[in-house]
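The file final.txt contains compact mmCIF, C-alpha atoms and all ligand atoms:
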# COMPACT_ATOMS: atom_id res chain seq x y z
CA MET A 1 93.86 113.60 84.67
CA MET A 2 94.80 111.33 87.54
CA ILE A 3 96.98 108.26 87.23
CA TYR A 4 96.69 106.12 90.32
CA ALA A 5 99.86 104.09 90.84
CA ASP A 6 99.68 103.52 94.58
CA ASN A 7 97.72 100.27 94.76
CA ALA A 8 100.06 98.86 97.40
CA ALA A 9 98.81 101.59 99.76
CA THR A 10 95.20 100.87 98.97
CA THR A 11 93.01 100.02 95.99
CA LYS A 12 89.85 101.48 94.54
CA MET A 13 86.85 99.41 95.59
CA THR A 14 85.39 97.42 92.75
CA LYS A 15 81.75 97.90 91.74
CA THR A 16 81.15 94.25 92.54
CA ALA A 17 82.41 94.75 96.08
CA ILE A 18 80.35 97.91 96.61
CA ASN A 19 77.21 96.24 95.30
CA ALA A 20 77.81 93.21 97.48
CA MET A 21 77.88 95.45 100.56
CA LEU A 22 74.83 97.62 99.95
CA PRO A 23 72.00 95.20 100.90
CA TYR A 24 73.68 94.56 104.25
CA MET A 25 73.36 98.19 105.26
CA ASP A 26 69.63 98.74 105.04
CA ILE A 27 67.95 95.46 104.10
CA THR A 28 69.77 92.57 105.76
CA TYR A 29 71.05 94.72 108.61
CA GLY A 30 70.42 92.34 111.50
CA ASN A 31 73.05 91.41 114.05
CA PRO A 32 74.31 87.91 113.20
CA SER A 33 74.19 87.03 116.90
CA SER A 34 70.44 87.77 117.13
CA LEU A 35 68.14 84.78 117.19
CA HIS A 36 65.35 86.38 115.12
CA SER A 37 65.10 85.92 111.39
CA ALA A 38 66.67 89.30 110.55
CA GLY A 39 69.74 88.30 112.52
CA GLN A 40 69.79 84.81 111.09
CA ARG A 41 69.77 86.12 107.53
CA ALA A 42 72.87 88.15 108.36
CA ALA A 43 74.42 85.07 109.99
CA GLU A 44 73.80 83.05 106.84
CA ALA A 45 75.43 85.72 104.70
CA LEU A 46 78.39 85.72 107.04
CA ALA A 47 78.71 81.94 106.74
CA ASP A 48 78.64 82.21 102.94
CA ALA A 49 81.35 84.87 102.96
CA ARG A 50 83.50 82.76 105.27
CA GLN A 51 83.09 79.78 102.94
CA THR A 52 84.04 81.90 99.91
CA VAL A 53 87.25 83.09 101.57
CA ALA A 54 88.05 79.56 102.75
CA ASP A 55 87.48 78.00 99.30
CA ILE A 56 89.82 80.51 97.69
CA LEU A 57 92.60 79.94 100.23
CA GLY A 58 92.11 76.17 100.24
CA CYS A 59 91.06 75.71 103.86
CA ALA A 60 87.93 75.05 105.92
CA ALA A 61 85.50 77.86 106.78
CA ARG A 62 86.10 77.25 110.50
CA GLU A 63 89.76 78.13 109.98
CA ILE A 64 88.90 81.70 108.87
CA TYR A 65 88.55 84.49 111.45
CA PHE A 66 87.39 87.94 110.40
CA THR A 67 89.38 90.86 111.81
CA SER A 68 89.63 94.61 111.23
CA GLY A 69 92.42 94.18 108.68
CA GLY A 70 96.00 93.21 108.06
CA SER A 71 97.44 94.90 111.14
CA GLU A 72 95.06 93.19 113.53
CA SER A 73 95.55 89.81 111.86
CA ASP A 74 99.33 90.14 112.15
CA ASN A 75 99.11 91.19 115.80
CA GLN A 76 96.77 88.38 116.75
CA ALA A 77 98.69 85.68 114.88
CA ILE A 78 102.03 86.65 116.41
CA LEU A 79 100.77 87.25 119.95
CA SER A 80 98.88 83.94 119.90
CA ALA A 81 101.89 81.92 118.79
CA ALA A 82 104.06 83.74 121.31
CA GLU A 83 101.69 82.99 124.15
CA ALA A 84 101.39 79.33 123.15
CA GLY A 85 105.19 79.15 122.86
CA ALA A 86 105.80 80.76 126.25
CA LYS A 87 103.66 78.07 127.89
CA LYS A 88 106.17 75.52 126.61
CA ASN A 89 109.12 77.73 127.49
CA LYS A 90 109.72 78.59 123.86
CA ARG A 91 110.55 82.27 123.58
CA HIS A 92 112.36 82.55 120.27
CA ILE A 93 110.74 84.01 117.14
CA ILE A 94 112.17 84.22 113.63
CA SER A 95 111.14 86.88 111.14
CA THR A 96 112.78 89.10 108.53
CA SER A 97 114.20 92.61 108.46
CA ILE A 98 111.74 93.69 105.74
CA GLU A 99 108.40 92.94 107.42
CA HIS A 100 105.57 95.43 107.68
CA HIS A 101 105.54 97.46 110.91
CA ALA A 102 102.42 95.55 112.04
CA VAL A 103 104.79 92.58 112.39
CA LEU A 104 108.00 94.35 113.43
CA HIS A 105 106.39 96.49 116.13
CA THR A 106 104.57 93.48 117.56
CA LEU A 107 107.90 91.66 117.70
CA ASN A 108 109.49 94.68 119.43
CA LYS A 109 106.80 94.49 122.07
CA LEU A 110 107.47 90.78 122.59
CA GLU A 111 111.20 91.41 122.80
CA LYS A 112 110.58 93.78 125.71
CA GLN A 113 108.64 90.95 127.36
CA GLY A 114 111.63 88.62 127.16
CA PHE A 115 111.28 87.00 123.75
CA GLU A 116 114.33 86.66 121.57
CA ILE A 117 113.89 87.76 117.97
CA THR A 118 116.03 86.67 115.03
CA LEU A 119 115.56 88.68 111.84
CA LEU A 120 116.63 86.89 108.67
CA ASP A 121 118.62 88.87 106.14
CA ALA A 122 116.70 89.72 102.97
CA HIS A 123 119.92 90.21 101.01
CA GLU A 124 120.34 92.66 98.14
CA ASN A 125 117.54 91.12 96.10
CA GLY A 126 115.02 91.34 98.95
CA ILE A 127 114.54 87.60 99.30
CA VAL A 128 115.27 85.43 102.32
CA ARG A 129 117.15 82.17 101.90
CA PRO A 130 115.52 78.95 103.10
CA ASP A 131 118.84 77.48 104.27
CA GLU A 132 119.30 80.51 106.51
CA LEU A 133 115.88 79.93 108.01
CA GLU A 134 116.76 76.30 108.66
CA LYS A 135 119.96 77.35 110.45
CA ALA A 136 118.11 79.91 112.57
CA ILE A 137 115.54 77.45 113.93
CA ARG A 138 116.24 76.36 117.52
CA PRO A 139 114.56 73.97 119.93
CA ASP A 140 112.93 76.99 121.60
CA THR A 141 111.61 78.59 118.39
CA ALA A 142 107.91 79.28 118.87
CA LEU A 143 107.11 80.96 115.55
CA VAL A 144 108.43 81.86 112.14
CA THR A 145 106.71 84.84 110.52
CA VAL A 146 107.78 85.80 106.99
CA MET A 147 105.72 88.02 104.71
CA TYR A 148 104.49 86.54 101.44
CA ALA A 149 105.22 89.62 99.34
CA ASN A 150 106.83 92.85 100.40
CA ASN A 151 104.70 96.00 100.38
CA GLU A 152 107.56 98.28 99.31
CA ILE A 153 109.83 96.40 96.94
CA GLY A 154 107.29 93.75 95.90
CA THR A 155 109.57 90.75 96.37
CA VAL A 156 107.83 87.41 96.71
CA GLN A 157 109.35 85.00 99.23
CA PRO A 158 109.81 81.24 98.71
CA VAL A 159 106.89 80.61 101.05
CA ARG A 160 106.24 76.96 100.22
CA GLU A 161 109.86 76.09 100.96
CA LEU A 162 109.94 78.18 104.15
CA GLY A 163 106.71 76.51 105.26
CA ARG A 164 108.11 73.07 104.53
CA ILE A 165 111.14 73.75 106.72
CA CYS A 166 108.94 75.00 109.56
CA ARG A 167 106.73 71.94 109.34
CA GLU A 168 109.72 69.61 109.41
CA HIS A 169 110.87 71.28 112.62
CA GLY A 170 107.41 71.50 114.16
CA VAL A 171 107.44 75.31 114.25
CA ILE A 172 104.33 77.43 113.54
CA PHE A 173 104.63 79.34 110.27
CA HIS A 174 102.72 82.61 109.82
CA THR A 175 102.79 84.71 106.68
CA ASP A 176 101.63 88.29 106.24
CA ALA A 177 100.10 87.82 102.80
CA VAL A 178 98.37 91.20 102.69
CA GLN A 179 100.13 92.22 99.46
CA ALA A 180 99.78 88.81 97.84
CA VAL A 181 96.17 87.74 98.40
CA GLY A 182 94.05 88.60 95.37
CA HIS A 183 97.19 89.12 93.27
CA ILE A 184 98.91 85.74 93.43
CA LYS A 185 97.23 82.34 93.72
CA ILE A 186 97.78 81.01 97.22
CA ASN A 187 96.78 77.66 98.66
CA VAL A 188 97.54 77.43 102.37
CA ALA A 189 97.60 73.63 102.41
CA ASP A 190 99.94 73.22 99.42
CA GLU A 191 102.21 75.96 100.73
CA ASN A 192 102.56 74.64 104.29
CA ILE A 193 101.10 77.79 105.83
CA ASP A 194 99.78 77.60 109.41
CA MET A 195 98.54 81.18 109.73
CA LEU A 196 97.95 83.82 107.08
CA SER A 197 96.92 87.49 107.28
CA LEU A 198 94.96 89.26 104.57
CA SER A 199 93.33 92.66 104.16
CA ALA A 200 90.41 93.55 101.88
CA HIS A 201 91.45 97.06 100.88
CA LYS A 202 94.54 95.73 99.08
CA PHE A 203 92.43 93.81 96.56
CA GLY A 204 89.45 95.99 95.75
CA GLY A 205 87.50 95.51 98.99
CA PRO A 206 86.66 97.98 101.75
CA LYS A 207 89.08 99.34 104.35
CA GLY A 208 88.96 98.16 107.94
CA ILE A 209 88.25 94.50 107.26
CA GLY A 210 90.54 91.51 106.94
CA ALA A 211 90.91 87.91 107.89
CA LEU A 212 93.26 85.54 109.62
CA TYR A 213 93.54 81.93 108.53
CA VAL A 214 94.50 79.67 111.41
CA LYS A 215 95.12 76.01 110.72
CA ARG A 216 93.05 73.67 112.83
CA GLY A 217 94.92 72.63 115.96
CA ILE A 218 96.76 75.92 116.40
CA THR A 219 95.66 77.88 119.44
CA LEU A 220 94.43 81.37 118.75
CA THR A 221 94.19 83.83 121.66
CA SER A 222 91.81 86.74 121.53
CA ILE A 223 93.22 90.23 121.71
CA ILE A 224 89.79 91.88 121.88
CA GLU A 225 87.62 90.65 124.72
CA GLY A 226 83.85 90.74 124.82
CA GLY A 227 81.24 88.69 123.01
CA ALA A 228 81.59 85.22 121.58
CA GLN A 229 81.87 86.24 117.93
CA GLU A 230 84.41 84.48 115.68
CA ARG A 231 84.33 81.30 117.74
CA GLY A 232 85.15 83.32 120.83
CA LYS A 233 88.43 84.57 119.42
CA ARG A 234 87.51 88.07 118.27
CA ALA A 235 84.80 89.95 120.13
CA GLY A 236 82.70 92.64 118.50
CA THR A 237 79.65 92.66 116.24
CA GLU A 238 80.78 91.50 112.84
CA ASN A 239 81.11 94.18 110.16
CA VAL A 240 78.72 92.30 107.88
CA PRO A 241 78.69 94.77 104.95
CA ALA A 242 82.49 94.94 104.88
CA ILE A 243 82.82 91.18 105.15
CA MET A 244 80.43 90.76 102.19
CA GLY A 245 82.45 93.32 100.24
CA MET A 246 85.69 91.55 101.07
CA ALA A 247 84.41 88.13 99.99
CA ALA A 248 83.06 89.54 96.72
CA ALA A 249 86.30 91.42 95.99
CA LEU A 250 88.38 88.36 96.78
CA LYS A 251 86.33 86.13 94.50
CA GLU A 252 86.44 88.70 91.71
CA SER A 253 90.17 89.30 91.95
CA TYR A 254 90.85 85.59 92.21
CA ASP A 255 88.75 84.82 89.12
CA MET A 256 90.73 87.34 87.10
CA ILE A 257 94.26 86.78 88.44
CA ASP A 258 95.57 85.29 85.18
CA GLU A 259 94.01 88.02 83.08
CA ALA A 260 95.27 90.76 85.42
CA CYS A 261 98.80 89.30 85.45
CA SER A 262 98.99 89.07 81.68
CA LYS A 263 98.14 92.78 81.52
CA LEU A 264 100.19 93.89 84.51
CA ILE A 265 103.49 92.13 83.91
CA PRO A 266 104.21 93.72 80.50
CA MET A 267 103.22 97.16 81.89
CA ARG A 268 105.44 96.68 84.93
CA ASP A 269 108.35 95.52 82.79
CA ARG A 270 107.99 98.44 80.37
CA LEU A 271 107.88 100.86 83.32
CA ILE A 272 111.03 99.33 84.82
CA GLU A 273 112.82 99.43 81.48
CA GLY A 274 111.81 103.05 80.84
CA ILE A 275 112.70 104.31 84.31
CA LEU A 276 116.07 102.54 84.47
CA LYS A 277 117.15 104.54 81.41
CA ILE A 278 117.44 107.46 83.82
CA PRO A 279 121.15 107.70 84.73
CA HIS A 280 122.15 106.63 88.24
CA SER A 281 118.93 104.80 88.99
CA ILE A 282 118.54 101.29 90.37
CA LEU A 283 115.70 98.79 90.76
CA ASN A 284 114.94 97.70 94.32
CA GLY A 285 114.00 94.06 94.81
CA ASP A 286 114.51 91.05 92.61
CA ARG A 287 113.86 91.66 88.92
CA TYR A 288 111.62 88.58 88.51
CA GLU A 289 110.46 87.32 91.91
CA ARG A 290 108.22 90.35 92.43
CA LEU A 291 104.54 91.24 92.48
CA PRO A 292 103.07 91.69 88.99
CA GLY A 293 102.30 95.37 89.61
CA ASN A 294 105.28 96.52 91.69
CA VAL A 295 108.05 98.88 90.58
CA ASN A 296 110.44 100.37 93.14
CA VAL A 297 113.51 102.38 92.16
CA CYS A 298 116.07 104.64 93.81
CA PHE A 299 117.49 107.72 92.09
CA GLU A 300 120.76 109.14 93.28
CA GLY A 301 120.76 112.79 94.30
CA ILE A 302 116.97 112.98 94.74
CA GLU A 303 114.68 113.59 97.69
CA GLY A 304 111.80 111.14 97.36
CA GLU A 305 109.34 113.59 98.91
CA SER A 306 110.06 116.34 96.38
CA LEU A 307 109.74 113.85 93.55
CA LEU A 308 106.33 112.73 94.84
CA LEU A 309 105.04 116.29 95.14
CA ILE A 310 106.00 117.20 91.58
CA LEU A 311 104.61 113.93 90.23
CA ASP A 312 101.38 114.63 92.10
CA SER A 313 101.17 118.03 90.42
CA LYS A 314 101.42 116.16 87.12
CA GLY A 315 98.55 113.90 88.14
CA ILE A 316 100.62 110.87 89.16
CA CYS A 317 99.82 109.31 92.55
CA ALA A 318 102.89 107.38 93.66
CA SER A 319 104.67 106.64 96.92
CA SER A 320 108.19 106.74 98.27
CA GLY A 321 107.79 103.44 100.03
CA SER A 322 105.15 102.45 102.49
CA ALA A 323 102.30 104.76 103.39
CA CYS A 324 103.29 104.30 107.00
CA THR A 325 106.76 105.83 106.69
CA SER A 326 105.74 108.76 104.53
CA GLY A 327 105.45 111.77 106.73
CA SER A 328 108.47 110.69 108.74
CA LEU A 329 111.98 111.59 107.68
CA ASP A 330 113.45 108.17 108.33
CA PRO A 331 114.31 106.31 105.15
CA SER A 332 112.53 103.02 104.60
CA HIS A 333 113.72 100.17 106.84
CA VAL A 334 113.22 97.85 103.87
CA LEU A 335 115.59 99.77 101.59
CA LEU A 336 118.18 100.00 104.38
CA ALA A 337 117.80 96.27 104.98
CA ILE A 338 118.61 95.43 101.37
CA GLY A 339 121.75 97.52 101.66
CA ARG A 340 120.82 100.85 100.14
CA PRO A 341 122.81 103.64 101.81
CA HIS A 342 120.75 106.29 103.67
CA GLU A 343 121.14 108.97 101.02
CA VAL A 344 120.11 106.56 98.25
CA ALA A 345 117.18 105.14 100.25
CA HIS A 346 115.85 108.70 100.54
CA GLY A 347 115.51 108.91 96.78
CA SER A 348 113.04 106.06 96.36
CA LEU A 349 109.90 105.83 94.26
CA ARG A 350 107.30 103.07 94.42
CA LEU A 351 104.75 102.65 91.66
CA SER A 352 102.18 99.94 92.29
CA LEU A 353 99.93 99.29 89.31
CA SER A 354 96.49 97.81 88.90
CA HIS A 355 95.11 96.14 85.80
CA GLU A 356 93.14 99.34 85.23
CA ASN A 357 96.27 101.30 84.39
CA THR A 358 96.90 101.69 80.65
CA GLU A 359 99.92 101.58 78.38
CA GLU A 360 99.45 105.32 77.72
CA GLU A 361 99.66 105.97 81.44
CA ILE A 362 102.87 103.96 81.62
CA GLU A 363 104.46 106.07 78.86
CA TYR A 364 103.25 109.29 80.51
CA MET A 365 104.78 108.19 83.82
CA ILE A 366 108.13 107.27 82.26
CA GLU A 367 108.34 110.62 80.50
CA ASN A 368 107.36 112.68 83.52
CA ILE A 369 109.50 110.80 86.01
CA ALA A 370 112.55 111.26 83.77
CA TRP A 371 111.80 114.97 83.41
CA THR A 372 111.22 115.46 87.15
CA VAL A 373 114.36 113.59 88.17
CA SER A 374 116.57 115.70 85.93
CA TYR A 375 114.77 118.89 86.99
CA LEU A 376 115.34 118.14 90.69
CA ARG A 377 118.93 117.15 90.04
CA SER A 378 119.57 120.39 88.16
CA MET A 379 118.77 122.30 91.36
CA SER A 380 120.53 120.00 93.80
CA PRO A 381 123.88 120.89 95.38
CA VAL A 382 124.38 117.21 96.21
CA TRP A 383 123.98 116.34 92.55
CA ARG A 384 126.50 119.03 91.54
CA ASP A 385 129.05 117.52 93.94
CA LEU A 386 128.48 114.12 92.35
CA GLU A 387 128.70 115.39 88.81
CA GLU A 388 131.79 117.48 89.46
CA GLY A 389 133.58 114.59 91.10
CA ARG A 390 133.70 115.93 94.66
CA LYS A 391 131.63 112.91 95.71
CA GLU A 392 131.52 109.40 94.29
CA HIS A 393 128.38 108.04 92.68
CA VAL A 394 126.99 105.11 94.66
CA ILE A 395 124.63 104.03 91.87
CA GLN A 396 126.35 103.62 88.53
C1 LIG B 401 98.71 97.15 104.18
C2 LIG B 401 99.53 96.11 104.84
C3 LIG B 401 99.29 95.73 106.17
C4 LIG B 401 98.26 96.41 107.02
O1 LIG B 401 96.96 96.12 106.61
P1 LIG B 401 95.76 97.04 107.14
O2 LIG B 401 94.53 96.32 106.68
O3 LIG B 401 95.93 98.36 106.46
O4 LIG B 401 95.87 97.10 108.61
C5 LIG B 401 100.06 94.72 106.72
N1 LIG B 401 101.02 94.11 106.00
C6 LIG B 401 101.27 94.45 104.73
C7 LIG B 401 102.33 93.72 103.98
C8 LIG B 401 100.56 95.45 104.11
O5 LIG B 401 100.83 95.79 102.86
Structure encoded using structure tokens:
Amino acid sequence: MMIYADNAATTKMTKTAINAMLPYMDITYGNPSSLHSAGQRAAEALADARQTVADILGCAAREIYFTSGGSESDNQAILSAAEAGAKKNKRHIISTSIEHHAVLHTLNKLEKQGFEITLLDAHENGIVRPDELEKAIRPDTALVTVMYANNEIGTVQPVRELGRICREHGVIFHTDAVQAVGHIKINVADENIDMLSLSAHKFGGPKGIGALYVKRGITLTSIIEGGAQERGKRAGTENVPAIMGMAAALKESYDMIDEACSKLIPMRDRLIEGILKIPHSILNGDRYERLPGNVNVCFEGIEGESLLLILDSKGICASSGSACTSGSLDPSHVLLAIGRPHEVAHGSLRLSLSHENTEEEIEYMIENIAWTVSYLRSMSPVWRDLEEGRKEHVIQ
């Protein structure tokens, strides 16, 4: 048996997405830049895929740029806005302390080049406050970049409101919507979004492909030089099969968002309820403003890594936070940012569900997580100190 509960790290490709890709590997395999008919058929397919993505996001096809994924989209969006800002002597960027490293590390790079970065507080519930954004905006603010939904704790930000504030102040607003696209209905026009990053492998599409929406009138700079693909903004022969798979997966997930949510939310809520019965455990991120499939909890007196290994031996694929931090011993920057102490942040568990999970799997996970937590605690000297009163519990 295998229960896959790590859909925030990546998702299984859907059959629809796989089937959409296949003809572009050995039948319509031309290079879209070629003038002959084989190339032109690929170019037409590419145009259709671009239109599909645009229709779903509520923008024009010419505002969609295909990239290699979420990381590249984030890098290009931020570097472009920074470069445009610098030309007008604007070198201030606002973001949050809970962004993905694709955003935070790009901002670190810009900081070394003389940009000033303000990171908004995400507070204990993992949500930024629009009035704090408004206060942080300055005449020299070139960009605001706030993720749509957090990849670790699943919190969904008040994007429409944040976008409205940016628009009022004439500041470019980018959102890393990699965790949200395909899971939440998003309309870039209604939500005042200027730039948006998405990645196919988070919604049933292939890995290594993504897109960046850039509102008309905003200058995009290329970070990969070469050919004139993507309106001259992203060189390299288009990954036609992956793009077709992404468009098909996006359409499919979008068409079933309501159905998926009505299955996911009760499973998520049951999982949260069951896990929080474990003594000295706490939910990370707002109870309601969170992704339909996200559960993230901390257990006191537990090493997240040990928990994951035992759960894996019981057939449960989970995560301690983001796939990027696993393997390093640093606790998650997101959990620290929402105020979890180091020792508590180390004992985190993220379960990210898909609509393919079942109620039986949820019950199996609750049972086995409870067993594993008490098993690990029974062997832990830290736990003994807590139980025998030599140390104070941080989580009640
Ligand atoms: C996965 C993820 C990314 C990176 O996307 P890739 O396509 O894997 O490069 C960026 N931001 C968030 C919020 C993510 O969850």
Neighbour list for Leu133 in chain A as a PyMOL selection string, cut-off 9 Å, all atoms listed in the file, skip fewer than 3 positions in-chain:
chain A and resi 94-95+120+128-130+136-137+144+162+165-166
Near-ligand residues for ligand LIG 401 (chain B), threshold 10 Å, all atoms listed in the file, as an NGL selection string
:A and (7-10 or 67-75 or 98-103 or 147-152 or 154 or 175-180 or 197-202 or 206-211 or 322-324)
Quick one: residues within 8 Å of range 349-353 of chain A, only C-alpha atoms, excluding same-chain residues fewer than 2 positions away - as a list of chain:residue names?
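Contacts, in chain order: A:Tyr4, A:Ala5, A:Asp6, A:Asn7, A:Ala8, A:Glu152, A:Ile153, A:Leu264, A:Arg268, A:Gly293, A:Asn294, A:Val295, A:Asn296, A:Val297, A:Cys298, A:Gly304, A:Leu308, A:Ala318, A:Ser319, A:Ser320, A:Gly321, A:Gly347, A:His355, A:Glu356, A:Asn357.
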Rank A:Ser348, A:Gln40, A:Thr118, A:Asn187 by their smallest atom-to-atom distance to Asn284 in chain A, using only C-alpha atoms, and report the top residue only.
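Closest candidate: A:Ser348.
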How far is it from CA of Glu363 in chain A to CA of Met13 in chain A, in Å with one decimal?
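Between these atoms lies a distance of 25.2 Å.
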Find the residue from A:Ile265, A:Ile117, A:Leu212, A:Leu22 that sits nearest to Ala61 in chain A; use all atoms listed in the file when measuring.
A:Leu212
My list of candidates is A:Lys112, A:Arg50, A:His169, A:Lys185. Which is closest to Ala260 in chain A when distances are computed with all atoms listed in the file?
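Nearest candidate to Ala260 in chain A out of A:Lys112, A:Arg50, A:His169, A:Lys185: A:Lys185.
In this model, the gap between CA of Gly126 in chain A and CA of Thr155 in chain A comes to 6.1 Å.
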Counting all atoms listed in the file, figure out which residue out of A:Ile316, A:Ala142, A:Ala337, A:Val188 gets nearest to Gly58 in chain A.
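Closest residue, counting all atoms listed in the file: A:Val188.
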Proximity to Arg164 in chain A - best of A:Glu44, A:Asp131, A:Asp258, A:Glu303, all atoms listed in the file
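Among the listed residues, A:Asp131 lies closest to Arg164 in chain A.
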